[in-house]
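What follows is the content of start-v1.cif (mmCIF, C-alpha atoms).
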```cif
data_upload
#
loop_
_atom_site.label_atom_id
_atom_site.label_comp_id
_atom_site.auth_asym_id
_atom_site.auth_seq_id
_atom_site.Cartn_x
_atom_site.Cartn_y
_atom_site.Cartn_z
CA MET W 2 4.69 -21.35 -15.47
CA VAL W 3 1.36 -19.61 -14.95
CA SER W 4 -0.32 -22.71 -13.45
CA ALA W 5 2.64 -23.20 -11.08
CA ARG W 6 2.40 -19.57 -10.04
CA ARG W 7 -1.30 -19.88 -9.38
CA LEU W 8 -0.73 -23.04 -7.36
CA LEU W 9 1.81 -21.23 -5.19
CA GLY W 10 -0.69 -18.41 -4.76
CA ARG W 11 -3.37 -20.83 -3.57
CA LEU W 12 -0.94 -22.45 -1.14
CA ALA W 13 0.10 -19.08 0.26
CA TYR W 14 -3.28 -17.34 0.40
CA GLY W 15 -5.90 -20.07 0.31
CA ALA W 16 -9.25 -19.26 -1.29
CA ARG W 17 -9.69 -15.81 0.22
CA TYR W 18 -8.82 -13.94 -2.99
CA ASN W 19 -10.41 -16.30 -5.52
CA ARG W 20 -13.15 -13.81 -6.36
CA VAL W 21 -10.63 -11.08 -7.10
CA PRO W 22 -9.75 -10.93 -10.84
CA TRP W 23 -6.32 -12.40 -11.50
CA GLY W 24 -5.00 -9.06 -12.75
CA GLN W 25 -5.91 -7.35 -9.45
CA ARG W 26 -4.70 -9.97 -6.95
CA VAL W 27 -1.16 -8.65 -6.98
CA TYR W 28 -2.57 -5.34 -5.68
CA VAL W 29 -4.59 -6.70 -2.76
CA ARG W 30 -2.81 -9.76 -1.36
CA PRO W 31 -0.70 -8.99 1.72
CA GLY W 32 3.03 -8.71 1.07
CA GLU W 33 2.71 -8.74 -2.75
CA ARG W 34 3.69 -5.11 -3.23
CA THR W 35 6.86 -5.45 -1.13
CA LEU W 36 7.78 -8.73 -2.84
CA ARG W 37 7.27 -7.43 -6.37
CA GLU W 38 9.16 -4.20 -5.78
CA ALA W 39 12.07 -6.19 -4.34
CA GLN W 40 11.87 -8.57 -7.30
CA TRP W 41 12.15 -5.59 -9.69
CA ARG W 42 15.16 -4.12 -7.89
CA TRP W 43 16.87 -7.51 -7.96
CA ARG W 44 16.23 -7.82 -11.72
CA LEU W 45 17.79 -4.42 -12.37
CA ARG W 46 20.84 -5.20 -10.24
CA ARG W 47 21.59 -8.50 -11.93
CA SER W 48 20.99 -7.33 -15.52
CA PRO W 49 24.22 -6.11 -17.18
CA VAL W 50 24.54 -2.81 -19.02
CA LEU W 51 26.07 -3.27 -22.48
CA SER W 52 27.37 -0.89 -25.10
CA LEU W 53 25.30 -0.84 -28.27
CA GLU W 54 28.15 -2.55 -30.11
CA GLU W 55 28.25 -5.38 -27.55
CA TYR W 56 24.51 -5.76 -27.75
CA GLN W 57 24.42 -5.83 -31.57
CA ALA W 58 27.15 -8.48 -31.67
CA ASN W 59 25.01 -10.98 -29.77
CA VAL W 60 21.46 -10.25 -30.98
CA PRO W 61 20.05 -11.32 -34.38
CA LEU W 62 18.44 -8.69 -36.59
CA GLY W 63 15.19 -9.47 -38.41
CA GLU W 64 14.34 -8.45 -41.96
CA ILE W 65 12.10 -5.53 -40.97
CA GLU W 66 14.11 -4.50 -37.88
CA GLU W 67 16.80 -2.02 -36.87
CA PHE W 68 18.87 -1.43 -33.75
CA LEU W 69 18.06 1.67 -31.70
CA SER W 70 19.56 3.92 -29.10
CA CYS W 71 17.15 5.35 -26.54
CA THR W 72 14.49 7.31 -28.41
CA LEU W 73 13.91 9.70 -25.52
CA CYS W 74 17.42 10.66 -24.40
CA GLY W 75 19.80 9.27 -27.04
CA GLU W 76 21.68 6.98 -24.63
CA THR W 77 23.40 4.20 -26.58
CA SER W 78 23.95 1.72 -23.72
CA GLN W 79 21.46 -1.12 -23.32
CA GLN W 80 20.24 -3.07 -20.31
CA PRO W 81 18.56 -6.25 -21.63
CA LEU W 82 15.65 -7.25 -19.39
CA PHE W 83 12.98 -9.35 -21.15
CA GLN W 84 12.34 -11.75 -24.03
CA PRO W 85 8.56 -11.91 -24.53
CA THR W 86 7.21 -14.71 -26.72
CA GLY W 87 3.85 -15.52 -28.23
CA GLY W 88 3.16 -19.24 -28.49
CA GLY W 89 6.19 -19.80 -30.69
CA LYS W 90 4.78 -17.40 -33.32
CA TRP W 91 6.79 -14.36 -32.34
CA ARG W 92 9.62 -13.35 -30.04
CA TYR W 93 11.42 -10.09 -29.34
CA ARG W 94 13.74 -8.45 -26.80
CA VAL W 95 13.03 -5.53 -24.47
CA VAL W 96 15.81 -3.36 -23.07
CA ARG W 97 15.92 -0.59 -20.51
CA CYS W 98 17.75 2.69 -20.97
CA PRO W 99 20.19 2.93 -18.03
CA SER W 100 20.07 6.75 -18.21
CA CYS W 101 16.33 7.56 -18.23
CA GLY W 102 14.69 4.19 -17.49
CA PHE W 103 12.76 3.95 -20.78
CA LEU W 104 11.74 0.41 -21.84
CA TYR W 105 11.73 -0.40 -25.55
CA ARG W 106 11.95 -3.25 -27.99
CA ASN W 107 15.42 -3.62 -29.49
CA PRO W 108 15.83 -4.48 -32.31
CA ASN W 109 12.75 -2.46 -33.20
CA VAL W 110 10.59 -2.34 -36.34
CA ARG W 111 11.74 0.05 -39.04
CA PRO W 112 9.12 2.79 -39.53
CA GLU W 113 8.74 2.11 -43.24
CA ARG W 114 7.86 -1.52 -42.44
CA LEU W 115 5.37 -0.76 -39.67
CA GLY W 116 2.48 -1.39 -42.02
CA ASP W 117 3.62 -5.03 -42.32
CA LEU W 118 2.24 -5.60 -38.81
CA TYR W 119 -1.25 -4.46 -39.77
CA ALA W 120 -1.61 -5.37 -43.44
CA THR W 121 -3.74 -8.49 -43.00
CA GLY W 122 -5.96 -9.89 -40.29
CA TYR W 123 -5.62 -7.04 -37.80
CA SER W 124 -9.25 -5.99 -38.09
CA LYS W 125 -10.32 -9.50 -37.05
CA PHE W 126 -8.28 -9.02 -33.88
CA LEU W 127 -9.77 -5.57 -33.25
CA THR W 128 -13.33 -6.81 -33.61
CA GLY W 129 -12.87 -10.17 -31.88
CA LYS W 130 -12.23 -10.87 -28.21
CA TYR W 131 -10.07 -7.75 -27.92
CA ALA W 132 -13.03 -5.53 -28.82
CA ALA W 133 -15.60 -7.06 -26.50
CA ASN W 134 -15.13 -4.44 -23.78
CA ARG W 135 -13.30 -1.68 -25.68
CA GLN W 136 -16.14 0.81 -25.57
CA ARG W 137 -16.55 0.26 -21.86
CA ARG W 138 -12.88 1.12 -21.39
CA TYR W 139 -13.25 4.24 -23.53
CA ASN W 140 -16.25 5.41 -21.51
CA LEU W 141 -14.50 4.75 -18.19
CA THR W 142 -11.48 6.79 -19.30
CA MET W 143 -13.61 9.66 -20.59
CA GLN W 144 -15.50 9.69 -17.29
CA ALA W 145 -12.21 9.71 -15.39
CA PHE W 146 -11.13 12.87 -17.25
CA SER W 147 -14.55 14.54 -17.05
CA PRO W 148 -15.51 17.12 -18.21
CA ILE W 149 -12.86 17.31 -20.94
CA LEU W 150 -14.57 14.80 -23.24
CA ASP W 151 -18.15 15.07 -21.99
CA HIS W 152 -19.46 17.24 -24.83
CA GLY W 153 -18.19 17.52 -28.39
CA GLU W 154 -20.45 20.13 -29.95
CA GLY W 155 -18.35 22.57 -31.97
CA ARG W 156 -15.14 20.63 -31.32
CA ARG W 157 -12.98 18.70 -33.79
CA LEU W 158 -11.52 15.33 -32.78
CA LEU W 159 -8.90 13.10 -34.42
CA ASP W 160 -8.61 9.46 -33.34
CA PHE W 161 -5.11 8.41 -34.35
CA GLY W 162 -5.01 4.65 -34.87
CA CYS W 163 -8.80 4.44 -35.02
CA GLY W 164 -8.96 0.73 -35.86
CA ALA W 165 -12.50 -0.43 -36.63
CA GLY W 166 -14.03 2.83 -35.40
CA LEU W 167 -15.25 1.72 -31.98
CA PHE W 168 -14.24 5.00 -30.33
CA LEU W 169 -15.26 7.16 -33.28
CA GLU W 170 -18.76 5.76 -32.83
CA LEU W 171 -18.80 7.07 -29.24
CA ALA W 172 -17.32 10.41 -30.34
CA GLU W 173 -20.17 10.79 -32.81
CA GLN W 174 -22.67 10.17 -30.05
CA ARG W 175 -21.07 12.88 -27.92
CA GLY W 176 -21.36 15.40 -30.73
CA PHE W 177 -17.74 15.67 -31.87
CA ASP W 178 -16.84 16.51 -35.45
CA ALA W 179 -14.70 13.38 -35.57
CA CYS W 180 -12.37 11.60 -37.97
CA GLY W 181 -9.69 8.93 -37.68
CA VAL W 182 -6.69 7.39 -39.41
CA ASP W 183 -5.28 3.87 -39.30
CA LEU W 184 -2.68 1.71 -41.07
CA SER W 185 -5.04 -1.26 -41.46
CA PRO W 186 -7.10 -0.90 -44.65
CA ASP W 187 -9.66 -3.53 -43.70
CA SER W 188 -10.15 -1.89 -40.28
CA VAL W 189 -10.78 1.47 -41.95
CA ALA W 190 -13.34 -0.14 -44.23
CA GLN W 191 -15.14 -1.63 -41.24
CA ALA W 192 -15.03 1.68 -39.40
CA ASN W 193 -16.69 3.52 -42.26
CA GLU W 194 -19.46 0.92 -42.36
CA ARG W 195 -20.09 1.52 -38.66
CA LEU W 196 -19.98 5.33 -38.66
CA THR W 197 -22.73 7.80 -39.49
CA LYS W 198 -21.07 11.23 -39.52
CA ALA W 199 -17.44 10.52 -38.64
CA ARG W 200 -15.05 9.18 -41.23
CA ALA W 201 -11.96 6.99 -41.10
CA PHE W 202 -9.01 7.23 -43.52
CA HIS W 203 -6.26 4.77 -44.38
CA GLY W 204 -2.71 6.08 -44.03
CA ALA W 205 -1.04 8.90 -42.14
CA PRO W 206 -2.51 12.32 -41.16
CA GLN W 207 -0.34 14.14 -43.70
CA ASP W 208 -1.92 12.02 -46.46
CA VAL W 209 -5.40 13.45 -45.77
CA PRO W 210 -5.73 17.20 -46.54
CA GLU W 211 -8.59 17.83 -44.09
CA ILE W 212 -6.55 16.24 -41.30
CA ALA W 213 -3.18 17.71 -42.29
CA ALA W 214 -4.72 21.19 -42.00
CA GLY W 215 -4.92 20.69 -38.23
CA GLY W 216 -7.09 22.71 -35.90
CA PHE W 217 -8.15 19.77 -33.71
CA ASP W 218 -9.45 20.38 -30.21
CA VAL W 219 -8.84 16.77 -29.19
CA ILE W 220 -6.54 14.01 -30.42
CA THR W 221 -6.92 10.53 -28.93
CA LEU W 222 -4.41 7.67 -28.78
CA TRP W 223 -6.26 4.59 -27.57
CA SER W 224 -3.68 1.83 -27.01
CA VAL W 225 -1.58 3.34 -29.81
CA LEU W 226 1.46 4.88 -28.14
CA ALA W 227 3.21 1.53 -27.65
CA HIS W 228 2.96 0.94 -31.43
CA LEU W 229 4.87 4.06 -32.54
CA PRO W 230 8.47 3.48 -33.72
CA ARG W 231 9.33 7.22 -34.01
CA PRO W 232 7.37 8.91 -31.20
CA LEU W 233 9.30 12.20 -31.35
CA ASP W 234 8.21 12.71 -34.94
CA ASP W 235 4.63 11.67 -34.22
CA PHE W 236 4.22 13.84 -31.14
CA THR W 237 5.71 16.85 -32.90
CA MET W 238 3.02 16.27 -35.55
CA PHE W 239 0.28 15.91 -32.92
CA ARG W 240 1.29 19.20 -31.32
CA GLU W 241 1.12 20.92 -34.71
CA LEU W 242 -2.31 19.42 -35.44
CA LEU W 243 -3.81 20.67 -32.16
CA ALA W 244 -5.64 23.99 -32.03
CA PRO W 245 -4.88 26.49 -29.24
CA GLY W 246 -6.35 25.05 -26.06
CA GLY W 247 -6.18 21.51 -27.47
CA VAL W 248 -5.61 18.29 -25.55
CA LEU W 249 -4.12 14.88 -26.33
CA LEU W 250 -5.56 11.83 -24.56
CA ILE W 251 -3.28 8.80 -24.11
CA LEU W 252 -4.22 5.32 -22.94
CA THR W 253 -1.34 2.86 -23.01
CA VAL W 254 0.18 -0.02 -21.08
CA ASN W 255 2.03 1.19 -18.00
CA ALA W 256 5.74 0.39 -17.68
CA HIS W 257 5.40 1.03 -13.92
CA SER W 258 2.80 -1.74 -13.68
CA LEU W 259 3.12 -3.93 -10.62
CA LEU W 260 2.12 -6.80 -12.93
CA LEU W 261 5.18 -6.16 -15.10
CA LYS W 262 7.37 -6.30 -12.01
CA ALA W 263 5.66 -9.53 -10.99
CA TYR W 264 5.52 -11.44 -14.29
CA GLY W 265 8.44 -10.09 -16.33
CA SER W 266 8.46 -11.41 -19.89
CA GLU W 267 4.98 -12.86 -19.40
CA TRP W 268 3.44 -9.43 -18.72
CA SER W 269 0.25 -8.82 -20.73
CA GLY W 270 1.66 -5.52 -22.02
CA PHE W 271 4.24 -7.35 -24.11
CA THR W 272 2.15 -8.11 -27.20
CA LYS W 273 3.22 -8.89 -30.75
CA ASN W 274 2.90 -5.34 -32.10
CA HIS W 275 4.05 -3.31 -29.08
CA LEU W 276 7.32 -1.48 -29.58
CA MET W 277 7.83 0.95 -26.68
CA PHE W 278 6.62 1.07 -23.08
CA TYR W 279 6.04 4.29 -21.15
CA SER W 280 5.49 5.34 -17.55
CA SER W 281 4.71 8.62 -15.80
CA GLU W 282 8.50 9.12 -15.53
CA THR W 283 9.31 8.71 -19.23
CA LEU W 284 6.18 10.13 -20.93
CA PRO W 285 6.88 13.73 -19.74
CA ARG W 286 10.29 13.60 -21.43
CA LEU W 287 8.57 12.82 -24.75
CA LEU W 288 5.93 15.53 -24.26
CA ARG W 289 8.47 18.14 -23.15
CA ARG W 290 10.67 17.57 -26.17
CA THR W 291 7.74 17.94 -28.56
CA GLY W 292 6.33 21.19 -27.22
CA PHE W 293 3.51 20.25 -24.85
CA ALA W 294 2.86 22.47 -21.83
CA GLY W 295 1.70 19.95 -19.26
CA VAL W 296 0.37 16.49 -18.49
CA GLY W 297 -2.00 15.02 -15.89
CA TYR W 298 -2.85 11.43 -14.96
CA VAL W 299 -5.78 9.44 -13.62
CA PRO W 300 -4.97 6.06 -12.00
CA SER W 301 -6.35 2.89 -13.57
CA TYR W 302 -7.69 0.27 -11.17
CA GLY W 303 -8.97 -2.24 -13.74
CA ASP W 304 -12.00 -2.06 -16.02
CA THR W 305 -14.24 -4.52 -14.20
CA ILE W 306 -13.45 -2.91 -10.85
CA GLU W 307 -14.25 0.59 -12.08
CA ALA W 308 -17.36 -0.55 -13.95
CA GLY W 309 -18.64 -2.38 -10.87
CA THR W 310 -19.02 -5.73 -12.62
CA THR W 311 -16.49 -7.18 -10.18
CA ARG W 312 -17.58 -6.46 -6.62
CA LEU W 313 -14.90 -6.37 -3.98
CA PRO W 314 -15.32 -5.95 -0.23
CA ASP W 315 -14.69 -2.36 0.77
CA SER W 316 -11.46 -3.35 2.53
CA LEU W 317 -9.99 -4.94 -0.62
CA ARG W 318 -11.19 -2.11 -2.86
CA GLU W 319 -9.45 0.38 -0.59
CA ARG W 320 -6.28 -1.72 -0.49
CA LEU W 321 -6.25 -1.91 -4.30
CA ARG W 322 -6.69 1.86 -4.56
CA ARG W 323 -3.87 2.55 -2.09
CA THR W 324 -1.49 0.11 -3.80
CA VAL W 325 -2.10 1.44 -7.31
CA GLU W 326 -1.69 5.05 -6.21
CA ALA W 327 1.34 4.42 -3.99
CA THR W 328 3.24 2.54 -6.69
CA ASP W 329 1.86 4.28 -9.81
CA GLY W 330 1.39 0.63 -10.65
CA GLY W 331 -1.91 0.21 -12.48
CA ASN W 332 -1.61 -1.97 -15.56
CA MET W 333 -2.74 0.86 -17.85
CA MET W 334 -1.60 4.48 -17.89
CA ARG W 335 -4.20 7.18 -18.54
CA ALA W 336 -2.73 10.59 -19.36
CA MET W 337 -4.00 13.91 -20.68
CA ALA W 338 -1.43 16.16 -22.37
CA PHE W 339 -2.09 19.88 -22.75
CA ALA W 340 -0.95 21.76 -25.83
CA ASP W 341 -0.44 25.11 -24.11
CA ASP W 342 -1.26 27.19 -21.03
CA GLU W 343 -4.68 27.96 -22.47
CA ALA W 344 -5.49 24.25 -22.43
CA ILE W 345 -4.30 23.89 -18.84
CA ILE W 346 -6.39 26.86 -17.68
CA ARG W 347 -9.48 25.62 -19.50
CA TRP W 348 -9.33 21.90 -18.72
CA GLY W 349 -6.79 21.23 -15.99
CA ASP W 350 -8.54 22.39 -12.83
CA ARG W 351 -9.48 18.83 -11.71
CA LEU W 352 -6.06 17.31 -12.37
CA ASP W 353 -2.67 17.55 -10.69
CA ILE W 354 -0.76 18.95 -13.66
CA ASP W 355 2.92 18.29 -14.25
CA ARG W 356 3.95 21.50 -16.00
CA LEU W 357 6.65 20.92 -18.58
CA ARG W 358 9.52 23.31 -19.18
CA ASP W 359 9.85 24.76 -22.63
CA VAL W 360 12.50 22.89 -24.61
CA SER W 361 13.46 23.82 -28.15
CA VAL W 362 12.31 21.19 -30.65
CA SER W 363 14.50 22.66 -33.37
CA LYS W 364 17.72 21.04 -32.17
CA PRO W 365 19.61 18.84 -34.65
CA PRO W 366 18.03 15.38 -34.50
CA LEU W 367 19.81 12.67 -32.57
CA ASP W 368 21.09 9.63 -34.42
CA LEU W 369 18.52 7.25 -32.95
CA THR W 370 19.21 4.20 -35.06
CA GLY W 371 22.68 3.44 -33.76
CA SER W 372 23.12 1.52 -37.01
CA ALA W 373 25.70 3.49 -38.93
CA GLY W 374 27.60 1.20 -41.24
CA LEU W 375 25.08 -1.64 -40.94
#
```
Structure rendered as structure tokens:
Amino acid sequence: MVSARRLLGRLAYGARYNRVPWGQRVYVRPGERTLREAQWRWRLRRSPVLSLEEYQANVPLGEIEEFLSCTLCGETSQQPLFQPTGGGKWRYRVVRCPSCGFLYRNPNVRPERLGDLYATGYSKFLTGKYAANRQRRYNLTMQAFSPILDHGEGRRLLDFGCGAGLFLELAEQRGFDACGVDLSPDSVAQANERLTKARAFHGAPQDVPEIAAGGFDVITLWSVLAHLPRPLDDFTMFRELLAPGGVLLILTVNAHSLLLKAYGSEWSGFTKNHLMFYSSETLPRLLRRTGFAGVGYVPSYGDTIEAGTTRLPDSLRERLRRTVEATDGGNMMRAMAFADDEAIIRWGDRLDIDRLRDVSVSKPPLDLTGSAGL
């Protein structure tokens, strides 16, 4: 499928865009944006909306899985859109909420079985090809949100889902009083071998007294949000762990990505362990419900483009910038959430802040499993 697609691209565009990274070509080739947006609208029109009962009747349920209603709004109807696969080793289904547009895996992984995904071998992934340019991505994102993460002296930082400690190493260098947590025990062991002052812990924040006490100025979620099966619970916890004036940095795959609209089930954001997929339309709903005061975004144009290791003619660079910004369609979403008005006043002057209305988080919880009687 991919080779056929590339062949069609060469026939349509010749060699003009061969030096543009494959992940950026959809943003710079003439007509691509219009085509992909039309392709997305067509997909939504032809995909049926099912009741949860209809959906459950036709979809198998794995040993560690459960059926969900929409985590963000409680809608029970499902619009099946994608069936990502990984070389015959894994397969799952992604649905869209017809009420709020949220994309999520359904069936999803039960929270108590989440550790099964990270128990063995995950650290090899985090320190292999995946890790080759991680620190570059971290630095690019911190620069994009400058000056919020420029200096860490006198500030506490929690890296949630710290993996092998690649970001904690940078946080140390910037002077943060830093610590991290992760579900992969071998990753935590590797992190602590790498770190000098910072420390990584295995488990959840509430399992570590010095973390559970809160008072963090910064919490970071580097490619973690898509892995969380109960984001309302987690983000309520993050808000409680933040000190007054605190911020929460989020880097995650972008469900508005033009590449998702182009490649569907073959999108790079559909990986084995990803559970939920956010955009700038759905993330504010999560933040609002869990007590955050505001959120701001910085577009992502691609690591090699931003780092300058891929050089594009000025005309193509400008076209890429316009397309990403016009469609909110970069492949990654970079967001900064603000705990309160103090945080917005202190750190938000360089961002266009979406201020979030206060919503009580003490309402009775929704039945999000949709699995009564199963």
- prompt: Which residue gives the smallest distance to Ala338 (chain W) among W:Ile220, W:Leu229, W:Ala263, W:Leu36, with all atoms listed in the file counted?
  reply: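 Ranked by minimum distance to Ala338 (chain W), first place goes to W:Ile220.
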- request: Could you state which residues are captured by the PyMOL selection byres ((chain W and resi 343-352) around 8) in this file, as JSON, numbers by chain?
  value: {"W": [148, 149, 245, 246, 247, 248, 294, 295, 297, 298, 299, 339, 340, 341, 342, 353, 354]}
May I have a table of the residues of region 17-77 of chain W lying at most 12 Å from region 255-258 of chain W, giving each one's closest pair of atoms and their distance in Å to one decimal, counting all atoms listed in the file, ordered by chain and ascending residue number, as CSV?
```
residue,atom,partner,partner_atom,distance
W:Gly24,CA,W:Ser258,CA,10.7
W:Gln25,CA,W:Ser258,CA,11.2
W:Val27,CA,W:Ser258,CA,10.4
W:Tyr28,CA,W:Ser258,CA,10.3
W:Arg34,CA,W:Ser258,CA,11.0
W:Arg37,CA,W:Ser258,CA,10.3
W:Glu38,CA,W:His257,CA,10.4
W:Trp41,CA,W:His257,CA,10.4
```
- request: Please determine the residues with any atom at most 9 Å from (-2.8, 2.2, -12.4) (coordinates as given in the file, with all atoms listed in the file counting) and report them as a list in words.
  value: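 Those within range, by chain then number, are Asn255, His257, Ser258, Leu259, Val299, Pro300, Ser301, Tyr302, Gly303, Arg322, Thr324, Val325, Glu326, Thr328, Asp329, Gly330, Gly331, Asn332, Met333, Met334 and Arg335 of chain W.
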Restricting the output to C-alpha atoms, write the selected residues as a short mmCIF file (atom, residue, chain, number, x, y, z; two decimals), in the coordinates of the input.
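So the final result, stored in selection30.cif, reads:
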```cif
data_model
loop_
_atom_site.label_atom_id
_atom_site.label_comp_id
_atom_site.auth_asym_id
_atom_site.auth_seq_id
_atom_site.Cartn_x
_atom_site.Cartn_y
_atom_site.Cartn_z
CA ASN W 255 2.03 1.19 -18.00
CA HIS W 257 5.40 1.03 -13.92
CA SER W 258 2.80 -1.74 -13.68
CA LEU W 259 3.12 -3.93 -10.62
CA VAL W 299 -5.78 9.44 -13.62
CA PRO W 300 -4.97 6.06 -12.00
CA SER W 301 -6.35 2.89 -13.57
CA TYR W 302 -7.69 0.27 -11.17
CA GLY W 303 -8.97 -2.24 -13.74
CA ARG W 322 -6.69 1.86 -4.56
CA THR W 324 -1.49 0.11 -3.80
CA VAL W 325 -2.10 1.44 -7.31
CA GLU W 326 -1.69 5.05 -6.21
CA THR W 328 3.24 2.54 -6.69
CA ASP W 329 1.86 4.28 -9.81
CA GLY W 330 1.39 0.63 -10.65
CA GLY W 331 -1.91 0.21 -12.48
CA ASN W 332 -1.61 -1.97 -15.56
CA MET W 333 -2.74 0.86 -17.85
CA MET W 334 -1.60 4.48 -17.89
CA ARG W 335 -4.20 7.18 -18.54
#
```
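For the set W:Arg106, W:Arg17, W:Arg114, W:Arg47, the residue with the smallest atom-to-atom gap to Ile65 (chain W) is W:Arg114, counting all atoms listed in the file.
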- prompt: Could you work out how far CA of Thr72 (chain W) lies from CA of Val219 (chain W), giving the answer in Å with one decimal?
  reply: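 These two atoms are separated by 25.2 Å.
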Check which residues satisfy the PyMOL selection byres ((chain W and resi 73) around 7) in the file shown, then give them as a PDB file with C-alpha atoms, in the frame of the given file.
```pdb
ATOM      1  CA  CYS W  71      17.150   5.350 -26.540  1.00  0.00           C
ATOM      2  CA  THR W  72      14.490   7.310 -28.410  1.00  0.00           C
ATOM      3  CA  CYS W  74      17.420  10.660 -24.400  1.00  0.00           C
ATOM      4  CA  GLY W  75      19.800   9.270 -27.040  1.00  0.00           C
ATOM      5  CA  ARG W 286      10.290  13.600 -21.430  1.00  0.00           C
ATOM      6  CA  LEU W 287       8.570  12.820 -24.750  1.00  0.00           C
TER       7      LEU W 287
END
```
Kindly provide, as a short mmCIF file (atom, residue, chain, number, x, y, z; two decimals) with C-alpha atoms, in the frame of the given file, the polymer residues lying within 12 Å of (7.1, -12.0, -26.4), counting all atoms listed in the file and using the coordinates exactly as they appear in the file.
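Heads up, here's the output in point-v4.cif:
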```
data_model
loop_
_atom_site.label_atom_id
_atom_site.label_comp_id
_atom_site.auth_asym_id
_atom_site.auth_seq_id
_atom_site.Cartn_x
_atom_site.Cartn_y
_atom_site.Cartn_z
CA PHE W 83 12.98 -9.35 -21.15
CA GLN W 84 12.34 -11.75 -24.03
CA PRO W 85 8.56 -11.91 -24.53
CA THR W 86 7.21 -14.71 -26.72
CA GLY W 87 3.85 -15.52 -28.23
CA GLY W 88 3.16 -19.24 -28.49
CA GLY W 89 6.19 -19.80 -30.69
CA LYS W 90 4.78 -17.40 -33.32
CA TRP W 91 6.79 -14.36 -32.34
CA ARG W 92 9.62 -13.35 -30.04
CA TYR W 93 11.42 -10.09 -29.34
CA ARG W 94 13.74 -8.45 -26.80
CA VAL W 95 13.03 -5.53 -24.47
CA ARG W 106 11.95 -3.25 -27.99
CA GLY W 265 8.44 -10.09 -16.33
CA SER W 266 8.46 -11.41 -19.89
CA GLU W 267 4.98 -12.86 -19.40
CA TRP W 268 3.44 -9.43 -18.72
CA SER W 269 0.25 -8.82 -20.73
CA GLY W 270 1.66 -5.52 -22.02
CA PHE W 271 4.24 -7.35 -24.11
CA THR W 272 2.15 -8.11 -27.20
CA LYS W 273 3.22 -8.89 -30.75
CA ASN W 274 2.90 -5.34 -32.10
CA HIS W 275 4.05 -3.31 -29.08
CA LEU W 276 7.32 -1.48 -29.58
#
```
- request: Please measure the separation of CA of Glu173 (chain W) and CA of Ala199 (chain W), giving the value in Å to one decimal.
  value: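 CA of Ala199 (chain W) lies 6.4 Å from CA of Glu173 (chain W).
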Among the residues W:Gly164, W:Gly216, W:Pro81, W:Pro186, the one that comes closest to Asp117 (chain W) [using only C-alpha atoms]: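 The closest residue to Asp117 (chain W) is W:Pro186.
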task: Using the chain letters and numbers from the file, give me the residues hit by the PyMOL selection byres ((chain W and resi 170) around 9), as a ChimeraX atom specification.
output: /W:166-169,171-175,192,195-199
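Taking CA of Trp223 (chain W) and CA of Arg20 (chain W) as the two end points, the separation is 28.9 Å.
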Edge lengths and centre in Å, axis-aligned, region 22-29 of chain W plus 6 Å each side, as JSON:
```
{"center_x": -5.5, "center_y": -8.9, "center_z": -7.8, "size_x": 20.6, "size_y": 19.1, "size_z": 22.0}
```
